[in-house]
Amino acid sequence: MSTELFFVQLINGLQYGLLLFLIASGLTLVFGVMGILNLAHGSMYMVGAYLVWYFVAVTGSFTVSAILSAVIALGLGILIERILIQRLYNRNHLDQVLLTIGMIFVFNSLQSILWGNDPYGVAVPDALSGSVPFTDNSSYPVYRIFAAFICIAIAAALYFVVSKTRLGMLIRAGESNREMVEALGVNIKSLYTIVFAIGVMLAAVSGIIAAPMRSIVPGMGESVLITCFVVVVIGGMGSIKGAFVGALLVGVISTFAAVLMPTMSNMIIYIFMILVLLVKPQGLFAK
Amino acid sequence: MNRTKSLASAVLATTLTAGMSLGAHAAGDPVKIGVMLPFSGIYAQLGEAGRDGLKLALKENAANLHGADIEFIELDTEAKPSRAPELASSLLNQHEADFIIGPVHSGVAMGMIKMLRGKDTVMIIPNAGAAAATGPLCSPNMFRTSFSSWQPSYPMGKVALEKGYKKVYAISWNYGMGRESLDAFEESFTAGGGEIVEKVLLPFPSTNFQSHVSSIADTNPDAVFTFFAGGGAIKFVKDYDAMGLRGKIPLLGSGFLTEGTLKAQGDAAEGVMTGLHYAEQLDVPKNREFREAFNTEYGHYPDIYAVQGYDAGQAIANTIDQLKGDISDKQAVISTMEKLTIDSPRGEFTFSKAHNPIQNVYLREVKDGVNVVQSIAAEALEDPARGCKL
């Protein structure tokens with residue numbers, strides 16, 4: 001591999017990793033704060049992609065569609081937390097897994113009923129449809145650079161909110177001792193609703209951002225869910241920083257694996273995960 | 001859950017059957033057509049299209065059936081290979097179907113073949129392209145009205161050479177259809193002096209293509225040949241365009257790269273060249289007629305899967321017609337069907353010794369969101385049927 005191609009693939013890997021982080025961040029946030037293992041997280045990614053596809057077809061504007069979809073996802077998150085998840089805080093993980101697996105089936109069926117089983121695509125918004133010259137032969141699409149920056153911006157915002165704001169302080173406090181936070185007069189119920197809804201919205205926003213780069217197909221949620229779990233497990237369950245590092249590692253490693261040994265590429269990230277867990281059984285940044 | 005579902009469909013089928021036979025007046029037993037297609041899951045659309053085509057053909061030919069009544073027994077395969085033997089066996093033994101139509105998915109085809117190979121009941125495959133079905137596993141009672149995986153790709157090697165491409169990068173998924181498509185292309189391309197500079201097989205159904213597109217740019221071949229379908233086809237064509245390769249390195253493929261995906265691919269698909277045994281705008285009188293008839297019946301225009309189902313229906317109808325409505329002699333059914341010339345929307349075709357269509361493969365190029373036929377890439381192309389002893 002030439003040095004040039006090496007850097008090209010490194011950029012591809014980082015860009016993929018940043019998107020993975022965005023998807024995984026919601027999963028690890030919800031687990032870290034609320035102890036909820038949300039297997040339906042991938043479905044929220046799918047919902048985001050389908051919603052933005054649907055609204056682009058109706059309104060013609062990607063920006064409007066993206067905002068609409070994100071708001072709907074936030075509402076959906078509040079609804080799901082209030083109606084379903086709330087009943088599970090005192091139950092064990094197995095019950096949570098059962099409920100959230102059930103939700104995967106429900107969302108997949110809804111997708112099939114509402115939008116059919118044809119594969120769809122969303123066009124890149126006009127303002128971002130250009131590309132910059134890259135190598136002799138190829139160019140790099142502006143939208144993919146934009147997407148990478150959005151992912152970085154959201155990562156920075158998450159870091160800021162969690163470490164510098166009052167909400168973040170409550171979130172961190174809730175993570176370490178929920179009874180004590182409640183005893184101090186904080187409404188932990190609404191805090192949980194907010195955190196869960198943000199988690200759902202993060203997944204949906206990744207689906208929205210990914211929509212113009214990927215195909216929108218039934219089952220798209222499950223395929224990212226597994227990769228997300230690998231990311232979160234490598235980084236350490238519940239750690240946002242871990243998810244960030246884990247996502248970049250998985251992005252870069254799977255990109256190089258895909259190029260250097262295509263037939264085995266799907267295996268490589270799992271082997272990497274096993275190696276990490278051998279050295280650090282709780283993941284890289286476990287608390 | 002599977003058991004409940006198949007029970008439910010069996011009950012439904014029996015009820016439908018009972019209801020229909022009550023209304024039947026003709027002497028003799030009705031002709032039972034078992035339909036094994038996916039009506040749920042990711043291939044549901046393809047299954048529905050195939051069934052709709054099949055039914056349209058038998059409806060149009062109702063007057064030529066010499067009074068024979070048709071009964072349909074529909075079972076949902078869900079495109080799950082594991083269910084195929086059980087469903088095929090129920091059509092064969094419980095329902096005693098005279099014809100079994102299916103499936104879409106090559107994995108399901110293997111399961112059906114296991115049950116039906118060498119039996120009296122005629123099986124007609126309206127999509128699955130697995131080479132084995134009309135190759136090593138061919139059988140007198142098995143026909144195909146679609147294609148073998150070899151057919152759409154083999155002529156593209158010659159097309160690439162004619163366009164002056166000497167070095168080609170080949171990429172697909174590492175499963176039957178993907179491997180067979182690349183091999184077929186390679187066969188004609190290297191025979192004519194072309195060179196495959198790189199052959200990449202990705203795990204199915206991975207759609208992480210961006211890094212491969214970067215490698216293609218770095219390798220700088222004269223052209224790229226590929227087989228992808230559905231969501232993978234959309235993603236690959238979009239990645240190829242996004243990384244700036246469209247217009248620089250020509251993209252060639254098996255026709256499924258741009259079948260049913262053009263709307264989602266948008267401008268990214270412009271200029272993509274593919275080989276296939278059909279094109280929606282194919283300028284054949286039968287095609288125009290069929291498209292209008294289908295639209296009148298179902299309210300939307302047909303796709304290739306509907307064409308293939310329609311031709312399975314025509315094969316059955318023509319056979320019944322030639323046998324004057326008496327299909328009790330299964331040997332006669334098979335030898336009649338073997339000799340048919342099907343007046344298909346894709347152009348007329350006959351069956352090869354291995355019972356695969358001998359058909360034209362068209363070179364199509366995407367222009368303004370339509371697969372426009374450029375030329376006949378291969379005329380009356382017959383699958384080599386390697387390993388078939390028929």
# chains A, B, ... in the order shown; residues from 1 in each chain; ligands from 1
$ interface_residues --of "chain A" --to "chain B" --cutoff "8 Å" --atoms "only C-alpha atoms" --output "ChimeraX atom specification"
/A:5,8-9,12-13,117-123,131,137-141,213-218,255-256,258-259,262-266
$ write_last_selection --atoms "N, CA and C atoms" --output "CSV table (one decimal), in the first residue's frame"
chain,number,residue,atom,x,y,z
A,5,LEU,N,-2.2,6.1,-0.4
A,5,LEU,CA,-3.4,5.2,-0.2
A,5,LEU,C,-3.6,5.0,1.3
A,8,VAL,N,-5.3,8.0,2.6
A,8,VAL,CA,-6.7,8.0,2.1
A,8,VAL,C,-7.6,7.0,3.0
A,9,GLN,N,-7.0,5.8,3.2
A,9,GLN,CA,-7.8,4.8,4.0
A,9,GLN,C,-7.9,5.3,5.4
A,12,ASN,N,-10.8,7.6,5.5
A,12,ASN,CA,-12.0,6.8,5.4
A,12,ASN,C,-12.4,6.2,6.7
A,13,GLY,N,-11.4,5.6,7.4
A,13,GLY,CA,-11.6,4.9,8.6
A,13,GLY,C,-12.0,5.9,9.7
A,117,ASN,N,-40.9,-2.4,1.6
A,117,ASN,CA,-39.6,-3.1,1.8
A,117,ASN,C,-38.6,-2.7,0.7
A,118,ASP,N,-38.9,-1.8,-0.2
A,118,ASP,CA,-38.0,-1.3,-1.2
A,118,ASP,C,-36.8,-0.6,-0.6
A,119,PRO,N,-35.7,-0.8,-1.2
A,119,PRO,CA,-34.5,0.0,-0.8
A,119,PRO,C,-34.7,1.5,-1.2
A,120,TYR,N,-34.3,2.4,-0.4
A,120,TYR,CA,-34.4,3.8,-0.7
A,120,TYR,C,-33.1,4.5,-0.6
A,121,GLY,N,-33.0,5.7,-1.2
A,121,GLY,CA,-31.8,6.6,-1.0
A,121,GLY,C,-32.2,8.0,-0.9
A,122,VAL,N,-31.4,8.8,-0.1
A,122,VAL,CA,-31.7,10.2,0.0
A,122,VAL,C,-30.6,10.9,-0.8
A,123,ALA,N,-30.9,11.9,-1.6
A,123,ALA,CA,-29.9,12.7,-2.3
A,123,ALA,C,-29.2,13.6,-1.3
A,131,SER,N,-17.5,18.3,-4.3
A,131,SER,CA,-16.4,17.5,-3.7
A,131,SER,C,-15.1,18.2,-3.9
A,137,ASN,N,-7.1,10.5,-8.9
A,137,ASN,CA,-8.2,9.9,-9.5
A,137,ASN,C,-9.5,10.2,-8.8
A,138,SER,N,-9.4,10.5,-7.5
A,138,SER,CA,-10.7,10.6,-6.8
A,138,SER,C,-10.8,11.9,-6.1
A,139,SER,N,-12.0,12.2,-5.7
A,139,SER,CA,-12.2,13.4,-4.9
A,139,SER,C,-12.9,13.1,-3.6
A,140,TYR,N,-13.0,14.0,-2.7
A,140,TYR,CA,-13.7,13.7,-1.4
A,140,TYR,C,-14.9,14.5,-1.3
A,141,PRO,N,-16.1,13.8,-1.1
A,141,PRO,CA,-17.3,14.5,-1.2
A,141,PRO,C,-17.5,15.5,0.0
A,213,MET,N,-25.6,9.0,2.7
A,213,MET,CA,-24.4,8.2,2.4
A,213,MET,C,-24.6,6.7,2.2
A,214,ARG,N,-25.8,6.3,2.7
A,214,ARG,CA,-26.1,4.9,2.8
A,214,ARG,C,-27.4,4.6,2.1
A,215,SER,N,-27.7,3.3,2.0
A,215,SER,CA,-29.0,2.9,1.4
A,215,SER,C,-29.9,2.7,2.6
A,216,ILE,N,-31.2,3.0,2.4
A,216,ILE,CA,-32.1,2.9,3.5
A,216,ILE,C,-32.9,1.6,3.2
A,217,VAL,N,-32.6,0.6,4.0
A,217,VAL,CA,-33.2,-0.7,3.8
A,217,VAL,C,-33.7,-1.3,5.0
A,218,PRO,N,-34.7,-2.3,4.9
A,218,PRO,CA,-35.1,-3.0,6.1
A,218,PRO,C,-33.9,-3.7,6.8
A,255,THR,N,-11.7,-0.5,8.4
A,255,THR,CA,-11.4,0.0,7.1
A,255,THR,C,-10.2,-0.7,6.5
A,256,PHE,N,-9.1,-0.8,7.3
A,256,PHE,CA,-7.9,-1.4,6.8
A,256,PHE,C,-8.1,-2.9,6.6
A,258,ALA,N,-10.8,-4.3,5.7
A,258,ALA,CA,-11.6,-4.5,4.5
A,258,ALA,C,-10.7,-4.5,3.3
A,259,VAL,N,-9.7,-3.6,3.3
A,259,VAL,CA,-8.8,-3.5,2.2
A,259,VAL,C,-7.8,-4.6,2.1
A,262,PRO,N,-10.2,-8.7,2.6
A,262,PRO,CA,-11.6,-8.5,2.5
A,262,PRO,C,-12.5,-9.6,2.9
A,263,THR,N,-12.1,-10.8,2.6
A,263,THR,CA,-13.0,-12.0,3.0
A,263,THR,C,-13.1,-12.2,4.5
A,264,MET,N,-12.0,-11.7,5.2
A,264,MET,CA,-12.1,-11.9,6.7
A,264,MET,C,-12.5,-10.7,7.4
A,265,SER,N,-12.8,-9.6,6.7
A,265,SER,CA,-12.9,-8.3,7.4
A,265,SER,C,-13.9,-8.2,8.5
A,266,ASN,N,-15.0,-9.0,8.3
A,266,ASN,CA,-16.0,-8.9,9.4
A,266,ASN,C,-15.6,-9.5,10.7
$ residues_around --residues "Met123 in chain B" --least-positions-apart "4" --cutoff "12 Å" --atoms "only C-alpha atoms" --output "ChimeraX atom specification"
/B:33-36,88,91-92,97-103,109,112-119,133-134,138-145,312-313,315-316,330,333-334,337,355
$ write_last_selection --atoms "N, CA and C atoms" --output "CSV table (one decimal), in the first residue's frame"
chain,number,residue,atom,x,y,z
B,33,ILE,N,-51.6,-25.2,-8.8
B,33,ILE,CA,-50.4,-24.5,-8.9
B,33,ILE,C,-49.9,-24.0,-7.5
B,34,GLY,N,-48.9,-24.6,-7.0
B,34,GLY,CA,-48.3,-24.2,-5.7
B,34,GLY,C,-47.4,-23.1,-5.9
B,35,VAL,N,-47.5,-22.0,-5.1
B,35,VAL,CA,-46.7,-20.8,-5.3
B,35,VAL,C,-45.8,-20.7,-4.0
B,36,MET,N,-44.5,-20.8,-4.2
B,36,MET,CA,-43.6,-20.7,-3.0
B,36,MET,C,-42.7,-19.4,-3.2
B,88,ALA,N,-42.0,-27.1,0.5
B,88,ALA,CA,-42.1,-27.8,-0.8
B,88,ALA,C,-42.7,-29.1,-0.6
B,91,LEU,N,-46.5,-28.8,-0.4
B,91,LEU,CA,-47.1,-28.6,-1.7
B,91,LEU,C,-47.1,-29.9,-2.5
B,92,LEU,N,-46.1,-30.7,-2.3
B,92,LEU,CA,-45.9,-31.9,-3.1
B,92,LEU,C,-46.9,-33.0,-2.5
B,97,ALA,N,-49.7,-30.7,-5.6
B,97,ALA,CA,-49.7,-29.7,-6.7
B,97,ALA,C,-49.2,-30.2,-8.0
B,98,ASP,N,-49.7,-29.7,-9.1
B,98,ASP,CA,-49.2,-30.2,-10.4
B,98,ASP,C,-48.0,-29.4,-10.9
B,99,PHE,N,-48.0,-28.1,-10.5
B,99,PHE,CA,-46.9,-27.3,-10.8
B,99,PHE,C,-46.5,-26.5,-9.5
B,100,ILE,N,-45.2,-26.3,-9.3
B,100,ILE,CA,-44.8,-25.5,-8.2
B,100,ILE,C,-43.9,-24.4,-8.7
B,101,ILE,N,-44.3,-23.2,-8.4
B,101,ILE,CA,-43.6,-22.0,-8.8
B,101,ILE,C,-42.8,-21.4,-7.7
B,102,GLY,N,-41.5,-21.2,-7.8
B,102,GLY,CA,-40.7,-20.6,-6.8
B,102,GLY,C,-39.2,-21.0,-7.0
B,103,PRO,N,-38.4,-20.4,-6.2
B,103,PRO,CA,-38.5,-19.2,-5.4
B,103,PRO,C,-37.8,-18.0,-6.0
B,109,ALA,N,-34.1,-22.0,-3.2
B,109,ALA,CA,-34.1,-22.9,-4.4
B,109,ALA,C,-33.4,-24.2,-4.0
B,112,MET,N,-35.7,-26.3,-2.0
B,112,MET,CA,-36.8,-26.8,-2.8
B,112,MET,C,-36.4,-28.0,-3.7
B,113,ILE,N,-35.2,-27.8,-4.3
B,113,ILE,CA,-34.6,-28.8,-5.2
B,113,ILE,C,-34.5,-30.1,-4.5
B,114,LYS,N,-34.0,-30.0,-3.2
B,114,LYS,CA,-33.8,-31.2,-2.5
B,114,LYS,C,-35.1,-32.1,-2.4
B,115,MET,N,-36.2,-31.4,-2.2
B,115,MET,CA,-37.5,-32.1,-2.1
B,115,MET,C,-38.0,-32.5,-3.5
B,116,LEU,N,-37.8,-31.7,-4.5
B,116,LEU,CA,-38.6,-31.8,-5.7
B,116,LEU,C,-37.9,-32.5,-6.9
B,117,ARG,N,-36.6,-32.6,-6.8
B,117,ARG,CA,-35.7,-33.1,-7.8
B,117,ARG,C,-36.2,-34.5,-8.2
B,118,GLY,N,-36.4,-34.7,-9.5
B,118,GLY,CA,-36.7,-36.1,-10.0
B,118,GLY,C,-38.2,-36.5,-9.7
B,119,LYS,N,-39.0,-35.6,-9.1
B,119,LYS,CA,-40.4,-35.9,-8.9
B,119,LYS,C,-41.2,-35.7,-10.2
B,133,ALA,N,-29.0,-25.1,-10.2
B,133,ALA,CA,-30.4,-25.5,-10.5
B,133,ALA,C,-30.5,-26.0,-12.0
B,134,THR,N,-29.7,-25.4,-12.9
B,134,THR,CA,-29.7,-25.9,-14.2
B,134,THR,C,-28.3,-26.4,-14.6
B,138,CYS,N,-29.5,-30.3,-12.2
B,138,CYS,CA,-30.6,-30.2,-13.1
B,138,CYS,C,-31.5,-31.5,-13.1
B,139,SER,N,-32.7,-31.4,-13.5
B,139,SER,CA,-33.6,-32.5,-13.4
B,139,SER,C,-34.7,-32.3,-14.5
B,140,PRO,N,-35.2,-33.4,-15.0
B,140,PRO,CA,-36.2,-33.3,-16.1
B,140,PRO,C,-37.4,-32.4,-15.6
B,141,ASN,N,-37.8,-32.5,-14.4
B,141,ASN,CA,-39.0,-31.8,-13.9
B,141,ASN,C,-38.7,-30.3,-13.5
B,142,MET,N,-37.5,-29.9,-13.6
B,142,MET,CA,-37.2,-28.5,-13.1
B,142,MET,C,-36.9,-27.6,-14.3
B,143,PHE,N,-37.7,-26.5,-14.3
B,143,PHE,CA,-37.5,-25.4,-15.4
B,143,PHE,C,-37.2,-24.1,-14.7
B,144,ARG,N,-36.6,-23.2,-15.5
B,144,ARG,CA,-36.4,-21.8,-15.0
B,144,ARG,C,-36.8,-20.8,-16.1
B,145,THR,N,-37.6,-19.8,-15.7
B,145,THR,CA,-38.0,-18.8,-16.6
B,145,THR,C,-37.2,-17.5,-16.4
B,312,ALA,N,-43.5,-17.8,-16.4
B,312,ALA,CA,-43.8,-19.1,-15.8
B,312,ALA,C,-45.3,-19.4,-16.0
B,313,GLY,N,-46.1,-18.4,-15.9
B,313,GLY,CA,-47.6,-18.6,-16.1
B,313,GLY,C,-47.8,-19.0,-17.6
B,315,ALA,N,-45.7,-20.5,-19.6
B,315,ALA,CA,-45.3,-21.8,-19.8
B,315,ALA,C,-46.3,-22.9,-19.4
B,316,ILE,N,-47.0,-22.6,-18.2
B,316,ILE,CA,-48.0,-23.5,-17.8
B,316,ILE,C,-49.2,-23.5,-18.7
B,330,LYS,N,-47.5,-37.0,-16.7
B,330,LYS,CA,-46.4,-36.0,-16.4
B,330,LYS,C,-45.3,-36.0,-17.4
B,333,VAL,N,-46.3,-33.7,-20.0
B,333,VAL,CA,-46.2,-32.3,-19.6
B,333,VAL,C,-44.8,-31.8,-19.8
B,334,ILE,N,-43.8,-32.6,-19.3
B,334,ILE,CA,-42.4,-32.2,-19.3
B,334,ILE,C,-41.9,-32.1,-20.8
B,337,MET,N,-43.5,-29.0,-22.4
B,337,MET,CA,-42.9,-27.7,-21.9
B,337,MET,C,-41.5,-27.5,-22.5
B,355,HIS,N,-33.1,-26.8,-19.3
B,355,HIS,CA,-34.3,-26.2,-19.0
B,355,HIS,C,-34.1,-24.7,-18.5
$ select_by_dssp --residues "range 147-270 of chain A" --states "helix (DSSP H, G or I)" --output "CSV table (one decimal) with C-alpha atoms, in the first residue's frame"
chain,number,residue,atom,x,y,z
A,147,ALA,CA,-20.8,14.8,8.3
A,148,ALA,CA,-17.5,14.1,10.1
A,149,PHE,CA,-17.5,17.7,11.5
A,150,ILE,CA,-21.1,17.3,12.7
A,151,CYS,CA,-20.0,14.2,14.5
A,152,ILE,CA,-17.1,16.0,16.1
A,153,ALA,CA,-19.3,18.9,17.0
A,154,ILE,CA,-21.8,16.6,18.7
A,155,ALA,CA,-19.0,14.8,20.5
A,156,ALA,CA,-17.8,18.2,21.8
A,157,ALA,CA,-21.3,19.3,22.8
A,158,LEU,CA,-21.8,16.0,24.7
A,159,TYR,CA,-18.5,16.5,26.5
A,160,PHE,CA,-19.4,20.0,27.4
A,161,VAL,CA,-22.9,19.2,28.6
A,162,VAL,CA,-21.8,16.2,30.7
A,163,SER,CA,-18.8,17.9,32.3
A,164,LYS,CA,-19.7,21.6,32.5
A,166,ARG,CA,-25.9,21.6,35.7
A,167,LEU,CA,-27.7,18.9,33.7
A,168,GLY,CA,-24.4,17.1,33.2
A,169,MET,CA,-23.6,17.3,36.9
A,170,LEU,CA,-27.0,15.7,37.6
A,171,ILE,CA,-26.3,13.1,35.0
A,172,ARG,CA,-23.0,12.2,36.6
A,173,ALA,CA,-24.5,12.3,40.0
A,174,GLY,CA,-27.3,10.0,38.9
A,175,GLU,CA,-24.7,7.6,37.5
A,176,SER,CA,-22.9,7.2,40.8
A,178,ARG,CA,-29.3,7.7,42.2
A,179,GLU,CA,-30.9,7.4,45.7
A,180,MET,CA,-28.7,10.2,47.0
A,181,VAL,CA,-29.6,12.5,44.0
A,182,GLU,CA,-33.3,11.8,44.7
A,183,ALA,CA,-32.9,12.5,48.4
A,188,ILE,CA,-34.7,11.8,38.9
A,189,LYS,CA,-37.7,10.5,36.9
A,190,SER,CA,-37.7,13.5,34.5
A,191,LEU,CA,-33.9,13.4,34.4
A,192,TYR,CA,-34.1,9.8,33.2
A,193,THR,CA,-36.7,10.7,30.6
A,194,ILE,CA,-34.5,13.5,29.3
A,195,VAL,CA,-31.4,11.2,29.1
A,196,PHE,CA,-33.3,8.4,27.4
A,197,ALA,CA,-34.9,10.8,24.9
A,198,ILE,CA,-31.5,12.3,24.1
A,199,GLY,CA,-30.1,8.8,23.6
A,200,VAL,CA,-32.9,8.1,21.1
A,201,MET,CA,-32.3,11.4,19.4
A,202,LEU,CA,-28.6,10.7,19.0
A,203,ALA,CA,-29.3,7.4,17.3
A,204,ALA,CA,-31.9,9.0,15.0
A,205,VAL,CA,-29.6,11.9,14.2
A,206,SER,CA,-26.9,9.4,13.1
A,207,GLY,CA,-29.5,7.8,10.9
A,208,ILE,CA,-30.4,11.2,9.5
A,209,ILE,CA,-26.7,12.1,8.8
A,210,ALA,CA,-26.0,8.7,7.4
A,220,MET,CA,-30.4,-1.5,8.6
A,221,GLY,CA,-30.8,-0.9,12.4
A,222,GLU,CA,-29.6,-4.4,13.4
A,223,SER,CA,-26.5,-4.2,11.3
A,224,VAL,CA,-25.3,-1.1,13.1
A,225,LEU,CA,-26.4,-2.3,16.5
A,226,ILE,CA,-23.9,-5.1,16.6
A,227,THR,CA,-21.0,-2.8,15.5
A,228,CYS,CA,-22.2,-0.3,18.2
A,229,PHE,CA,-22.0,-2.9,20.9
A,230,VAL,CA,-18.5,-3.8,19.8
A,231,VAL,CA,-17.6,-0.1,20.1
A,232,VAL,CA,-19.2,0.3,23.5
A,233,VAL,CA,-17.7,-2.9,24.9
A,234,ILE,CA,-14.2,-2.0,23.7
A,235,GLY,CA,-14.6,1.5,25.1
A,240,ILE,CA,-18.6,8.4,26.5
A,241,LYS,CA,-14.9,8.9,26.2
A,242,GLY,CA,-14.5,5.2,25.7
A,243,ALA,CA,-17.2,5.2,23.0
A,244,PHE,CA,-15.2,7.9,21.2
A,245,VAL,CA,-11.9,6.1,21.3
A,246,GLY,CA,-13.5,2.7,20.6
A,247,ALA,CA,-15.4,4.0,17.6
A,248,LEU,CA,-12.3,5.6,16.0
A,249,LEU,CA,-10.4,2.3,16.6
A,250,VAL,CA,-13.1,0.2,15.2
A,251,GLY,CA,-13.6,2.5,12.2
A,252,VAL,CA,-9.9,2.5,11.3
A,253,ILE,CA,-9.3,-1.1,11.9
A,254,SER,CA,-12.3,-2.3,10.0
A,255,THR,CA,-11.4,0.0,7.1
A,256,PHE,CA,-7.9,-1.4,6.8
A,257,ALA,CA,-9.1,-5.0,7.4
A,258,ALA,CA,-11.6,-4.5,4.5
A,259,VAL,CA,-8.8,-3.5,2.2
A,260,LEU,CA,-6.1,-5.8,3.3
A,262,PRO,CA,-11.6,-8.5,2.5
A,263,THR,CA,-13.0,-12.0,3.0
A,264,MET,CA,-12.1,-11.9,6.7
A,265,SER,CA,-12.9,-8.3,7.4
A,266,ASN,CA,-16.0,-8.9,9.4
A,267,MET,CA,-14.1,-11.1,11.8
A,268,ILE,CA,-11.3,-8.7,12.5
A,269,ILE,CA,-13.2,-6.2,14.8
A,270,TYR,CA,-14.4,-9.1,16.9
$ atom_distance --atom1 "CA of Asn360 in chain B" --atom2 "CA of Gly347 in chain B"
7.7 Å
$ residues_around --residues "Tyr154 in chain B" --least-positions-apart "6" --cutoff "8 Å" --atoms "only C-alpha atoms" --output "list in words"
Ser181, Ala184, Phe185, Glu186, Glu187 and Ser188 of chain B
$ residues_around --residues "Glu379 in chain B" --least-positions-apart "2" --cutoff "7 Å" --atoms "only C-alpha atoms" --output "PyMOL selection string"
chain B and resi 359-361+376-377+381
$ write_last_selection --atoms "C-alpha atoms" --output "compact mmCIF listing (two decimals), in the first residue's frame"
# COMPACT_ATOMS: atom_id res chain seq x y z
CA GLN B 359 -32.33 -15.71 -24.37
CA ASN B 360 -30.89 -12.40 -25.46
CA VAL B 361 -28.86 -10.41 -22.99
CA ILE B 376 -27.91 -6.92 -27.82
CA ALA B 377 -24.79 -7.96 -25.93
CA LEU B 381 -27.33 -16.95 -25.13
$ residues_around --residues "range 362-365 of chain B" --least-positions-apart "4" --cutoff "9 Å" --atoms "only C-alpha atoms" --output "PyMOL selection string"
chain B and resi 152+155-156+159+255+270-279+370-379
$ write_last_selection --atoms "N, CA and C atoms" --output "compact mmCIF listing (two decimals), in the first residue's frame"
# COMPACT_ATOMS: atom_id res chain seq x y z
N PRO B 152 -26.26 -12.94 -17.29
CA PRO B 152 -26.14 -11.48 -17.45
C PRO B 152 -24.69 -11.01 -17.48
N PRO B 155 -21.69 -11.96 -21.08
CA PRO B 155 -21.52 -11.07 -22.25
C PRO B 155 -20.79 -9.77 -21.92
N MET B 156 -20.76 -9.40 -20.65
CA MET B 156 -20.16 -8.12 -20.29
C MET B 156 -18.64 -8.14 -20.47
N VAL B 159 -18.25 -7.10 -23.97
CA VAL B 159 -18.58 -5.67 -24.05
C VAL B 159 -17.39 -4.84 -23.59
N GLY B 255 -26.95 -6.86 -14.48
CA GLY B 255 -28.08 -5.92 -14.53
C GLY B 255 -28.72 -5.54 -13.21
N GLU B 270 -26.06 7.48 -13.40
CA GLU B 270 -25.96 7.87 -14.81
C GLU B 270 -24.68 7.30 -15.43
N GLY B 271 -24.85 6.66 -16.59
CA GLY B 271 -23.69 6.13 -17.30
C GLY B 271 -23.29 4.72 -16.91
N VAL B 272 -23.91 4.14 -15.88
CA VAL B 272 -23.57 2.78 -15.49
C VAL B 272 -24.08 1.82 -16.57
N MET B 273 -23.20 0.88 -16.98
CA MET B 273 -23.56 -0.06 -18.05
C MET B 273 -23.74 -1.46 -17.48
N THR B 274 -24.87 -2.08 -17.78
CA THR B 274 -25.14 -3.41 -17.24
C THR B 274 -25.70 -4.34 -18.30
N GLY B 275 -25.56 -5.63 -18.04
CA GLY B 275 -26.14 -6.64 -18.92
C GLY B 275 -27.29 -7.33 -18.23
N LEU B 276 -28.40 -7.50 -18.97
CA LEU B 276 -29.54 -8.22 -18.40
C LEU B 276 -30.44 -8.73 -19.52
N HIS B 277 -31.29 -9.72 -19.19
CA HIS B 277 -32.16 -10.30 -20.21
C HIS B 277 -33.45 -9.51 -20.39
N TYR B 278 -33.52 -8.34 -19.78
CA TYR B 278 -34.73 -7.53 -19.91
C TYR B 278 -34.37 -6.07 -19.65
N ALA B 279 -35.22 -5.18 -20.16
CA ALA B 279 -35.15 -3.77 -19.79
C ALA B 279 -36.58 -3.26 -19.89
N VAL B 370 -33.11 5.97 -16.54
CA VAL B 370 -33.74 4.82 -17.18
C VAL B 370 -32.64 3.91 -17.75
N ASN B 371 -32.84 2.60 -17.64
CA ASN B 371 -31.92 1.65 -18.27
C ASN B 371 -32.23 1.61 -19.77
N VAL B 372 -31.44 2.31 -20.56
CA VAL B 372 -31.70 2.38 -21.99
C VAL B 372 -30.92 1.28 -22.71
N VAL B 373 -31.63 0.52 -23.55
CA VAL B 373 -30.97 -0.58 -24.27
C VAL B 373 -30.05 0.00 -25.33
N GLN B 374 -28.78 -0.39 -25.28
CA GLN B 374 -27.78 0.08 -26.24
C GLN B 374 -27.64 -0.89 -27.40
N SER B 375 -27.63 -2.17 -27.07
CA SER B 375 -27.45 -3.19 -28.09
C SER B 375 -27.77 -4.54 -27.48
N ILE B 376 -27.79 -5.56 -28.34
CA ILE B 376 -27.91 -6.92 -27.82
C ILE B 376 -26.49 -7.40 -27.55
N ALA B 377 -26.16 -7.59 -26.28
CA ALA B 377 -24.79 -7.96 -25.93
C ALA B 377 -24.51 -9.40 -26.33
N ALA B 378 -25.53 -10.24 -26.25
CA ALA B 378 -25.37 -11.63 -26.67
C ALA B 378 -26.73 -12.11 -27.14
N GLU B 379 -26.77 -12.69 -28.35
CA GLU B 379 -28.04 -13.12 -28.89
C GLU B 379 -28.25 -14.60 -28.58
$ atom_distance --atom1 "CA of Glu48 in chain B" --atom2 "CA of Ala306 in chain B"
8.2 Å
$ select_by_dssp --residues "range 92-277 of chain A" --states "strand (DSSP E)" --output "ChimeraX atom specification"
/A:131-133,139-141
$ write_last_selection --atoms "C-alpha atoms" --output "PDB file, in the first residue's frame"
ATOM      1  CA  SER A 131     -16.426  17.494  -3.748  1.00  0.00           C
ATOM      2  CA  VAL A 132     -12.843  18.518  -3.212  1.00  0.00           C
ATOM      3  CA  PRO A 133      -9.951  17.102  -5.265  1.00  0.00           C
ATOM      4  CA  SER A 139     -12.195  13.428  -4.923  1.00  0.00           C
ATOM      5  CA  TYR A 140     -13.653  13.661  -1.439  1.00  0.00           C
ATOM      6  CA  PRO A 141     -17.342  14.528  -1.155  1.00  0.00           C
TER       7      PRO A 141
END
$ closest_residue --among "A:Phe134, A:Phe7, A:Phe105, A:Phe21" --to "Leu39 in chain A" --atoms "only C-alpha atoms"
A:Phe105
